[in-house]
$ cat model-v5.cif   # mmCIF, C-alpha atoms
data_model
#
loop_
_atom_site.label_atom_id
_atom_site.label_comp_id
_atom_site.auth_asym_id
_atom_site.auth_seq_id
_atom_site.Cartn_x
_atom_site.Cartn_y
_atom_site.Cartn_z
CA MET Z 293 171.64 46.84 94.73
CA PRO Z 294 168.69 46.54 97.16
CA SER Z 295 165.73 44.70 95.73
CA GLU Z 296 162.97 46.69 97.40
CA ALA Z 297 161.41 49.62 95.52
CA PHE Z 298 162.60 53.15 96.18
CA SER Z 299 160.53 55.20 98.57
CA ALA Z 300 158.33 57.91 97.08
CA ARG Z 301 160.32 60.38 99.17
CA LEU Z 302 163.92 61.09 98.26
CA PRO Z 303 166.37 60.57 101.13
CA GLU Z 304 167.75 63.71 102.72
CA THR Z 305 171.54 63.50 102.88
CA ASP Z 306 174.32 66.02 103.45
CA ARG Z 307 174.49 66.40 99.69
CA THR Z 308 170.80 66.74 98.94
CA ARG Z 309 169.59 68.78 101.92
CA HIS Z 310 168.32 72.09 100.64
CA ARG Z 311 170.33 74.73 102.40
CA ARG Z 312 169.59 78.04 100.81
CA LEU Z 313 166.28 77.99 99.06
CA ARG Z 314 164.26 75.48 100.97
CA GLU Z 315 161.04 76.60 99.36
CA GLN Z 316 162.36 75.46 96.01
CA GLY Z 317 163.45 72.01 97.10
CA SER Z 318 161.38 68.91 96.52
CA LEU Z 319 161.86 65.51 98.08
CA GLU Z 320 159.18 63.86 95.93
CA ARG Z 321 160.49 61.07 93.75
CA ALA Z 322 157.67 61.83 91.29
CA ASP Z 323 159.21 65.28 90.71
CA LEU Z 324 162.59 63.69 90.02
CA ASP Z 325 161.04 61.24 87.55
CA ALA Z 326 159.15 64.02 85.76
CA ILE Z 327 162.30 66.14 85.33
CA LEU Z 328 164.28 63.19 84.01
CA ASP Z 329 161.51 62.17 81.62
CA ALA Z 330 161.14 65.68 80.24
CA GLY Z 331 164.73 65.82 78.92
CA PHE Z 332 167.34 63.73 77.17
CA VAL Z 333 170.58 65.67 77.71
CA CYS Z 334 172.25 65.87 81.11
CA HIS Z 335 175.43 67.50 82.36
CA LEU Z 336 177.82 64.86 83.69
CA GLY Z 337 180.35 66.02 86.25
CA VAL Z 338 183.47 64.05 87.13
CA VAL Z 339 186.72 64.82 88.90
CA VAL Z 340 189.84 64.59 86.73
CA GLU Z 341 193.16 65.03 88.52
CA GLY Z 342 191.45 66.86 91.34
CA ARG Z 343 189.61 69.27 89.07
CA PRO Z 344 185.96 69.28 87.95
CA LEU Z 345 184.97 68.44 84.39
CA VAL Z 346 181.38 68.95 83.17
CA VAL Z 347 180.23 67.63 79.79
CA PRO Z 348 176.81 67.36 78.17
CA THR Z 349 175.71 63.85 77.24
CA VAL Z 350 172.55 61.84 76.59
CA TYR Z 351 170.81 59.61 79.11
CA GLY Z 352 167.99 57.16 79.58
CA ARG Z 353 166.68 55.40 82.65
CA ASP Z 354 164.75 52.60 84.21
CA GLU Z 355 163.00 52.67 87.58
CA ARG Z 356 166.17 52.49 89.61
CA GLN Z 357 169.04 53.83 87.58
CA LEU Z 358 170.15 56.30 85.00
CA TYR Z 359 172.07 55.16 81.92
CA VAL Z 360 174.50 57.79 80.70
CA HIS Z 361 176.50 57.83 77.48
CA GLY Z 362 179.93 58.08 78.98
CA SER Z 363 182.70 58.75 76.49
CA VAL Z 364 184.19 61.16 79.03
CA ALA Z 365 184.80 58.19 81.30
CA SER Z 366 186.21 55.94 78.64
CA ARG Z 367 189.78 57.10 79.08
CA SER Z 368 190.76 55.07 82.09
CA LEU Z 369 187.91 53.95 84.27
CA ALA Z 370 188.77 51.25 86.73
CA GLY Z 371 186.12 50.66 89.36
CA ASP Z 372 183.29 53.02 90.18
CA LEU Z 373 183.46 56.67 89.24
CA PRO Z 374 182.16 59.43 91.53
CA VAL Z 375 179.81 61.47 89.38
CA CYS Z 376 177.19 64.17 89.60
CA VAL Z 377 174.55 64.18 86.89
CA THR Z 378 172.39 67.28 86.50
CA VAL Z 379 169.30 67.70 84.33
CA THR Z 380 167.92 71.23 83.99
CA HIS Z 381 164.89 72.68 82.23
CA ILE Z 382 164.68 76.46 81.90
CA ASP Z 383 161.08 77.69 81.96
CA GLY Z 384 161.56 81.43 81.94
CA LEU Z 385 163.18 84.57 83.25
CA VAL Z 386 161.83 85.98 86.52
CA LEU Z 387 161.90 89.75 86.06
CA ALA Z 388 161.42 91.41 89.43
CA ARG Z 389 161.26 95.07 90.44
CA SER Z 390 164.75 94.82 91.91
CA VAL Z 391 167.78 93.23 90.27
CA PHE Z 392 168.38 91.33 93.51
CA GLU Z 393 165.09 89.42 93.17
CA HIS Z 394 165.69 88.48 89.55
CA GLY Z 395 165.88 84.79 88.88
CA VAL Z 396 164.95 81.90 86.66
CA ASN Z 397 161.95 79.59 86.61
CA TYR Z 398 163.45 76.15 86.27
CA ARG Z 399 163.28 72.50 87.16
CA SER Z 400 166.51 70.71 88.00
CA ALA Z 401 167.58 67.33 89.29
CA VAL Z 402 171.06 66.73 90.68
CA ILE Z 403 171.93 63.06 91.08
CA HIS Z 404 174.89 61.99 93.20
CA GLY Z 405 176.55 58.63 93.18
CA ASP Z 406 179.23 56.28 91.95
CA ALA Z 407 178.72 55.40 88.30
CA ARG Z 408 179.35 51.85 87.23
CA LYS Z 409 180.70 51.09 83.77
CA VAL Z 410 178.27 48.68 82.12
CA THR Z 411 180.27 45.76 80.72
CA ASP Z 412 177.73 42.94 80.35
CA PRO Z 413 176.68 43.04 76.65
CA GLU Z 414 173.07 42.21 77.46
CA GLU Z 415 172.77 44.98 80.03
CA LYS Z 416 174.57 47.36 77.69
CA LEU Z 417 172.10 46.60 74.93
CA GLU Z 418 169.19 47.14 77.33
CA GLY Z 419 170.76 50.40 78.53
CA LEU Z 420 171.16 51.64 74.97
CA ARG Z 421 167.57 50.68 74.27
CA ARG Z 422 166.46 52.79 77.24
CA LEU Z 423 168.66 55.65 76.09
CA THR Z 424 167.43 55.52 72.49
CA GLU Z 425 163.77 55.23 73.47
CA HIS Z 426 164.15 58.01 76.01
CA ALA Z 427 165.32 60.49 73.35
CA THR Z 428 163.11 59.20 70.54
CA PRO Z 429 160.27 56.85 71.50
CA GLY Z 430 159.76 54.26 68.78
CA GLN Z 431 163.27 54.52 67.36
CA TRP Z 432 164.71 51.32 68.85
CA SER Z 433 162.39 49.14 66.80
CA TYR Z 434 162.91 51.31 63.69
CA ALA Z 435 166.69 51.84 63.40
CA ARG Z 436 169.36 49.16 63.00
CA ARG Z 437 170.42 48.01 66.43
CA PRO Z 438 174.05 47.92 67.57
CA ASN Z 439 176.13 44.93 66.50
CA ARG Z 440 178.76 43.33 68.73
CA LYS Z 441 181.55 45.60 67.52
CA GLU Z 442 179.50 48.78 67.97
CA LEU Z 443 178.41 47.62 71.40
CA ALA Z 444 182.02 47.12 72.43
CA ALA Z 445 182.91 50.60 71.16
CA THR Z 446 180.22 52.26 73.29
CA THR Z 447 180.85 53.39 76.86
CA LEU Z 448 177.74 53.28 78.99
CA LEU Z 449 177.55 54.26 82.64
CA ALA Z 450 174.87 53.23 85.12
CA LEU Z 451 174.05 55.41 88.12
CA SER Z 452 171.60 54.65 90.90
CA LEU Z 453 168.72 57.12 91.21
CA GLU Z 454 168.74 56.73 94.97
CA GLU Z 455 170.33 60.04 95.99
CA ALA Z 456 169.06 63.11 94.22
CA SER Z 457 168.26 66.74 94.89
CA VAL Z 458 165.33 68.34 93.09
CA LYS Z 459 164.68 72.06 92.80
CA ILE Z 460 161.73 73.72 91.11
CA ARG Z 461 160.91 77.39 90.82
CA THR Z 462 157.67 78.55 89.25
CA GLY Z 463 155.57 81.66 89.20
CA ALA Z 464 155.94 85.39 89.69
CA PRO Z 465 158.78 87.35 91.30
CA ASP Z 466 158.92 87.51 95.10
CA ASP Z 467 158.95 91.28 95.54
CA GLY Z 468 155.29 91.96 94.74
CA ASP Z 469 154.39 92.68 98.37
CA GLY Z 470 157.50 94.57 99.45
CA PRO Z 471 158.41 98.25 99.27
CA ASP Z 472 159.66 97.82 95.67
CA ALA Z 473 156.07 97.22 94.55
CA GLU Z 474 155.60 100.99 94.95
CA LEU Z 475 158.16 101.72 92.23
CA GLY Z 476 155.53 101.30 89.52
CA LEU Z 477 157.79 98.99 87.50
CA TRP Z 478 156.52 96.11 85.40
CA ALA Z 479 157.40 92.71 86.84
CA GLY Z 480 156.60 89.19 85.78
CA VAL Z 481 157.93 86.23 83.87
CA LEU Z 482 159.23 85.93 80.33
CA PRO Z 483 158.50 82.27 79.51
CA LEU Z 484 160.91 80.13 77.52
CA THR Z 485 159.67 77.07 75.65
CA SER Z 486 161.42 74.34 73.67
CA VAL Z 487 159.60 73.02 70.62
CA TRP Z 488 160.39 70.19 68.19
CA GLY Z 489 160.51 71.35 64.58
CA GLU Z 490 159.68 69.62 61.29
CA PRO Z 491 161.98 66.66 60.52
CA VAL Z 492 164.82 67.56 58.12
CA ALA Z 493 165.67 64.63 55.85
CA ASP Z 494 169.29 63.61 55.28
CA PRO Z 495 170.15 64.98 51.79
CA ALA Z 496 171.61 61.54 51.00
CA LEU Z 497 168.13 60.00 51.33
CA PRO Z 498 166.07 58.97 48.27
CA SER Z 499 163.38 61.63 48.00
CA ASP Z 500 160.51 59.14 48.35
CA THR Z 501 161.58 57.94 51.81
CA ALA Z 502 158.65 58.54 54.16
CA VAL Z 503 159.18 60.06 57.61
CA PRO Z 504 158.07 57.37 60.09
CA GLY Z 505 155.07 58.28 62.22
CA HIS Z 506 156.89 58.20 65.56
CA ILE Z 507 159.17 60.99 64.30
CA ALA Z 508 156.66 62.98 62.21
CA ARG Z 509 154.17 63.13 65.08
CA ARG Z 510 156.63 64.97 67.27
CA ALA Z 511 156.90 68.07 65.11
CA GLY Z 512 155.32 71.08 66.81
CA THR Z 513 155.12 69.41 70.23
CA ARG Z 514 156.74 70.84 73.28
CA HIS Z 515 159.97 69.53 74.77
CA GLY Z 516 161.08 69.93 78.39
CA MET C 31 195.69 89.14 84.55
CA PRO C 32 197.64 89.80 81.34
CA SER C 33 196.78 93.09 79.68
CA GLU C 34 197.07 92.01 76.04
CA ALA C 35 193.95 90.84 74.19
CA PHE C 36 193.15 87.15 73.90
CA SER C 37 194.18 85.50 70.67
CA ALA C 38 191.43 84.69 68.20
CA ARG C 39 192.49 81.04 68.52
CA LEU C 40 191.82 79.23 71.78
CA PRO C 41 194.93 77.64 73.31
CA GLU C 42 195.17 73.86 73.01
CA THR C 43 195.87 72.37 76.41
CA ASP C 44 195.69 68.89 77.90
CA ARG C 45 192.18 69.77 79.02
CA THR C 46 190.89 71.30 75.81
CA ARG C 47 192.55 69.10 73.17
CA HIS C 48 189.80 67.29 71.30
CA ARG C 49 190.48 63.62 71.70
CA ARG C 50 187.56 61.70 70.36
CA LEU C 51 185.59 63.76 67.91
CA ARG C 52 188.15 66.05 66.39
CA GLU C 53 185.83 67.06 63.60
CA GLN C 54 183.47 68.60 66.17
CA GLY C 55 186.06 70.65 68.00
CA SER C 56 186.60 74.33 67.35
CA LEU C 57 189.51 76.46 68.48
CA GLU C 58 187.97 79.73 67.27
CA ARG C 59 187.35 82.23 70.04
CA ALA C 60 184.48 83.64 67.97
CA ASP C 61 182.68 80.29 68.33
CA LEU C 62 183.17 80.40 72.10
CA ASP C 63 181.83 83.96 72.24
CA ALA C 64 178.78 83.06 70.13
CA ILE C 65 177.91 80.08 72.35
CA LEU C 66 178.23 82.15 75.50
CA ASP C 67 176.18 85.01 74.06
CA ALA C 68 173.39 82.68 72.95
CA GLY C 69 172.58 81.47 76.49
CA PHE C 70 172.24 82.72 80.03
CA VAL C 71 172.33 79.52 82.13
CA CYS C 72 175.51 77.48 82.57
CA HIS C 73 176.33 74.34 84.50
CA LEU C 74 178.93 75.09 87.14
CA GLY C 75 181.05 72.16 88.29
CA VAL C 76 183.07 72.18 91.49
CA VAL C 77 184.74 69.53 93.64
CA VAL C 78 183.29 69.14 97.12
CA GLU C 79 185.11 66.75 99.44
CA GLY C 80 186.65 64.99 96.47
CA ARG C 81 183.37 64.52 94.65
CA PRO C 82 181.89 66.44 91.71
CA LEU C 83 178.94 68.80 92.14
CA VAL C 84 177.18 70.30 89.11
CA VAL C 85 174.58 73.05 89.50
CA PRO C 86 172.81 75.29 87.00
CA THR C 87 173.32 79.00 87.48
CA VAL C 88 173.20 82.26 85.51
CA TYR C 89 176.19 84.02 83.99
CA GLY C 90 177.31 87.11 82.14
CA ARG C 91 180.65 88.11 80.70
CA ASP C 92 183.00 90.76 79.46
CA GLU C 93 185.76 90.31 76.90
CA ARG C 94 188.07 88.41 79.21
CA GLN C 95 186.04 86.74 81.92
CA LEU C 96 182.82 85.07 82.82
CA TYR C 97 180.78 86.25 85.81
CA VAL C 98 178.86 83.43 87.46
CA HIS C 99 176.22 83.64 90.16
CA GLY C 100 177.88 81.42 92.69
CA SER C 101 175.73 80.55 95.68
CA VAL C 102 177.16 77.03 95.45
CA ALA C 103 180.53 78.46 96.34
CA SER C 104 179.27 80.65 99.16
CA ARG C 105 179.64 77.97 101.81
CA SER C 106 183.32 78.26 102.49
CA LEU C 107 185.38 79.68 99.71
CA ALA C 108 188.85 80.73 100.68
CA GLY C 109 191.12 81.50 97.75
CA ASP C 110 190.51 80.45 94.19
CA LEU C 111 188.12 77.64 93.37
CA PRO C 112 188.83 75.10 90.62
CA VAL C 113 185.72 75.13 88.44
CA CYS C 114 184.44 73.91 85.13
CA VAL C 115 181.66 75.95 83.54
CA THR C 116 179.73 74.41 80.66
CA VAL C 117 177.21 76.11 78.39
CA THR C 118 175.23 73.87 76.04
CA HIS C 119 172.65 74.54 73.34
CA ILE C 120 170.71 71.58 71.97
CA ASP C 121 169.77 72.08 68.30
CA GLY C 122 168.22 68.72 67.45
CA LEU C 123 168.27 64.95 67.47
CA VAL C 124 170.41 63.24 64.85
CA LEU C 125 168.40 60.21 63.76
CA ALA C 126 170.66 57.89 61.78
CA ARG C 127 169.99 54.53 60.09
CA SER C 128 171.86 52.76 62.88
CA VAL C 129 171.44 53.35 66.61
CA PHE C 130 175.23 53.60 66.87
CA GLU C 131 175.32 56.71 64.67
CA HIS C 132 172.56 58.47 66.57
CA GLY C 133 173.55 61.71 68.19
CA VAL C 134 172.68 65.29 68.98
CA ASN C 135 173.26 68.51 67.10
CA TYR C 136 174.59 70.89 69.71
CA ARG C 137 176.94 73.71 70.54
CA SER C 138 178.86 73.55 73.80
CA ALA C 139 181.59 75.47 75.53
CA VAL C 140 183.54 74.01 78.44
CA ILE C 141 185.59 76.58 80.36
CA HIS C 142 188.30 75.50 82.76
CA GLY C 143 189.94 77.62 85.39
CA ASP C 144 190.17 78.86 88.93
CA ALA C 145 187.23 81.03 89.85
CA ARG C 146 187.86 84.11 91.90
CA LYS C 147 185.28 85.36 94.38
CA VAL C 148 184.51 88.96 93.51
CA THR C 149 184.76 91.04 96.68
CA ASP C 150 185.31 94.60 95.48
CA PRO C 151 181.85 96.25 95.59
CA GLU C 152 182.46 98.20 92.38
CA GLU C 153 183.55 95.13 90.43
CA LYS C 154 180.64 93.16 91.91
CA LEU C 155 178.19 95.79 90.74
CA GLU C 156 179.75 95.76 87.28
CA GLY C 157 179.62 91.94 87.23
CA LEU C 158 175.95 91.96 88.21
CA ARG C 159 175.29 94.53 85.51
CA ARG C 160 176.90 92.24 82.93
CA LEU C 161 174.93 89.28 84.27
CA THR C 162 171.61 91.16 84.25
CA GLU C 163 172.14 92.62 80.79
CA HIS C 164 173.27 89.25 79.46
CA ALA C 165 169.99 87.59 80.45
CA THR C 166 167.74 90.56 79.71
CA PRO C 167 169.26 93.41 77.69
CA GLY C 168 167.85 96.73 78.89
CA GLN C 169 166.92 95.48 82.37
CA TRP C 170 169.81 97.07 84.30
CA SER C 171 168.60 100.57 83.54
CA TYR C 172 164.96 99.59 84.18
CA ALA C 173 164.95 97.62 87.45
CA ARG C 174 166.08 98.87 90.87
CA ARG C 175 169.79 98.19 91.23
CA PRO C 176 171.31 96.35 94.17
CA ASN C 177 171.89 98.33 97.35
CA ARG C 178 174.88 97.77 99.60
CA LYS C 179 173.18 95.10 101.69
CA GLU C 180 171.99 93.16 98.65
CA LEU C 181 175.40 93.43 97.06
CA ALA C 182 177.00 91.96 100.16
CA ALA C 183 174.47 89.10 100.16
CA THR C 184 175.34 88.12 96.58
CA THR C 185 178.13 85.70 95.74
CA LEU C 186 179.68 86.40 92.37
CA LEU C 187 182.51 84.42 90.82
CA ALA C 188 184.82 85.59 88.04
CA LEU C 189 186.49 83.09 85.71
CA SER C 190 188.99 83.84 82.96
CA LEU C 191 187.83 82.88 79.47
CA GLU C 192 191.37 81.93 78.53
CA GLU C 193 191.07 78.13 78.53
CA ALA C 194 188.00 76.71 76.86
CA SER C 195 186.94 73.77 74.74
CA VAL C 196 184.27 74.29 72.08
CA LYS C 197 182.34 71.57 70.31
CA ILE C 198 179.76 72.01 67.61
CA ARG C 199 177.82 69.37 65.71
CA THR C 200 175.52 70.33 62.86
CA GLY C 201 173.86 68.64 59.93
CA ALA C 202 172.76 65.19 58.86
CA PRO C 203 173.72 61.78 60.27
CA ASP C 204 177.08 60.31 59.24
CA ASP C 205 175.86 56.98 57.85
CA GLY C 206 174.41 58.24 54.58
CA ASP C 207 177.24 56.81 52.47
CA GLY C 208 177.79 53.53 54.32
CA PRO C 209 176.17 50.11 53.92
CA ASP C 210 173.29 51.15 56.23
CA ALA C 211 172.08 53.58 53.54
CA GLU C 212 170.78 50.47 51.73
CA LEU C 213 168.36 49.69 54.55
CA GLY C 214 165.78 52.08 53.14
CA LEU C 215 165.23 53.75 56.51
CA TRP C 216 164.41 57.41 56.96
CA ALA C 217 167.27 59.38 58.50
CA GLY C 218 167.71 63.03 59.29
CA VAL C 219 167.46 65.60 62.03
CA LEU C 220 164.58 66.51 64.32
CA PRO C 221 165.30 70.15 65.16
CA LEU C 222 164.74 71.59 68.60
CA THR C 223 164.21 75.32 69.09
CA SER C 224 163.82 77.51 72.16
CA VAL C 225 161.43 80.43 71.86
CA TRP C 226 160.58 83.30 74.22
CA GLY C 227 156.86 83.50 74.99
CA GLU C 228 154.57 86.42 75.76
CA PRO C 229 155.43 88.20 79.04
CA VAL C 230 153.27 87.05 81.98
CA ALA C 231 152.59 89.92 84.38
CA ASP C 232 152.98 89.41 88.13
CA PRO C 233 149.38 89.09 89.46
CA ALA C 234 150.34 91.62 92.16
CA LEU C 235 150.85 94.26 89.46
CA PRO C 236 148.28 97.06 88.84
CA SER C 237 146.56 96.07 85.60
CA ASP C 238 147.58 99.26 83.80
CA THR C 239 151.33 98.63 84.15
CA ALA C 240 152.81 98.57 80.65
CA VAL C 241 155.31 95.91 79.63
CA PRO C 242 158.52 97.79 78.82
CA GLY C 243 159.66 97.58 75.20
CA HIS C 244 162.92 95.75 75.91
CA ILE C 245 160.90 92.85 77.36
CA ALA C 246 157.86 92.97 75.05
CA ARG C 247 160.05 92.94 71.94
CA ARG C 248 161.53 89.61 72.90
CA ALA C 249 158.29 87.62 72.71
CA GLY C 250 158.32 85.20 69.79
CA THR C 251 162.06 85.51 69.19
CA ARG C 252 164.41 82.59 69.26
CA HIS C 253 166.69 81.81 72.17
CA GLY C 254 169.88 79.75 72.01
#
$ encode --input "model-v5.cif" --output "structure tokens"
Amino acid sequence: MPSEAFSARLPETDRTRHRRLREQGSLERADLDAILDAGFVCHLGVVVEGRPLVVPTVYGRDERQLYVHGSVASRSLAGDLPVCVTVTHIDGLVLARSVFEHGVNYRSAVIHGDARKVTDPEEKLEGLRRLTEHATPGQWSYARRPNRKELAATTLLALSLEEASVKIRTGAPDDGDGPDAELGLWAGVLPLTSVWGEPVADPALPSDTAVPGHIARRAGTRHG
Amino acid sequence: MPSEAFSARLPETDRTRHRRLREQGSLERADLDAILDAGFVCHLGVVVEGRPLVVPTVYGRDERQLYVHGSVASRSLAGDLPVCVTVTHIDGLVLARSVFEHGVNYRSAVIHGDARKVTDPEEKLEGLRRLTEHATPGQWSYARRPNRKELAATTLLALSLEEASVKIRTGAPDDGDGPDAELGLWAGVLPLTSVWGEPVADPALPSDTAVPGHIARRAGTRHG
């Protein structure tokens, strides 16, 4: 892995060049980082016997790579695994005058690369720390950490964040200045928001167990 | 395509058999239908030059097949395309006593098959109707429908709903009756909910344009 920092611009490759909707593409690494930091579940794509397989799984990251919980890859992974990891946030429905101009406001990151199975116990522990803290900040120092046996039973993949394609759509429909604007139809966006609810205690818990602050504080805040 | 109705039980195949987390797998077609009906964005996986590619896109369905907006496949699709379409709803974080038992409450459907490019204009129109109504019930009879040119410019894929894998996780963490329960830590679920917001009118719209009821009624309701 190169030691220099990634450039603030994402590299344009055959896989990341924006073909169809150039206006929606971003090559800013800051946009990639923001999309990754806003979520905790990705869709991991692999090829199994020549066919695609896409499964949801959790992830975390550091500056240079994504850590992905990789039970899908645990079957028989020798060497690096070609993967595509996609993180998507849906921000709303774009309701245009014409069906053709309908769409979705969204932010998505598509990361291409060869995933490496993390085998070094120290790196695995650090990867799981990143993953845990990514989903629930504060939880790594609160919960019981993995022991040697649990660590061995966990499959963790690492994927470089070097090659990624970012797409973002925001705002109103695109047919507000065309002939369809004369139709007199309502057009706009129906926003969609994800919100964290109130913590629900495990029924097995003694009733006087306090919800820790790092979890309680999240209730009512926005996710995505 | 066979003319008889699908069985209420999903077929168990090498691809859909639940290997790791049997308790989370469902073979009920009703569970598949409910997961599909609760969302409108899927992750479409294809193989491009031997590597996986996963992109978010919108879908609709009838009783037997999924219709997927397939610009990803528009490049050069001759014949059927091996795809994997995954729909995931995230319901909350499962915060256990141990990091190892952490997880996510979710519902996901993974559909395997060979997608067919819809070419017949009548079927394409019907597929787009399903897709439009799936995302926004009532919109097909409100918005201007696709004309011949727009129809030709749209790539629509059809995928049989025959082979699918459904996984559902609900409820509390699994370590409430193990030795970690003695640690005195809080454990439970932090729920995550998606909610439709108030419609945001296109700024290009005359200010007296009323929001139609089928859109206005959705504000404040739950999605997912």
$ atom_distance --input "model-v5.cif" --atom1 "CA of Leu181 in chain C" --atom2 "CA of Pro229 in chain C"
27.4 Å
$ interface_residues --input "model-v5.cif" --of "chain C" --to "chain Z" --cutoff "6 Å" --atoms "only C-alpha atoms" --output "ChimeraX atom specification"
/C:75-77,82-83,113-114,127-130,173-176,202,206,216-227,229-232,234,239,241
$ resolve_selection --input "model-v5.cif" --expression "the PyMOL selection byres ((chain C and resi 94) around 7)" --output "ChimeraX atom specification"
/C:92-93,95,190-191
$ resolve_selection --input "model-v5.cif" --expression "the PyMOL selection byres ((chain Z and resi 409) around 7)" --output "ChimeraX atom specification"
/Z:407-408,410-411,448-450
$ closest_residue --input "model-v5.cif" --among "C:Glu192, C:Arg91, C:Glu79, C:Arg39" --to "Ile65 in chain C" --atoms "all atoms listed in the file"
C:Arg91
$ atom_distance --input "model-v5.cif" --atom1 "CA of Gly430 in chain Z" --atom2 "CA of Ala326 in chain Z"
19.6 Å
$ closest_residue --input "model-v5.cif" --among "C:Ala38, C:Leu155, C:Leu57, C:Ala182" --to "Ala194 in chain C" --atoms "all atoms listed in the file"
C:Leu57
$ atom_distance --input "model-v5.cif" --atom1 "CA of Gly157 in chain C" --atom2 "CA of Ala68 in chain C"
18.1 Å
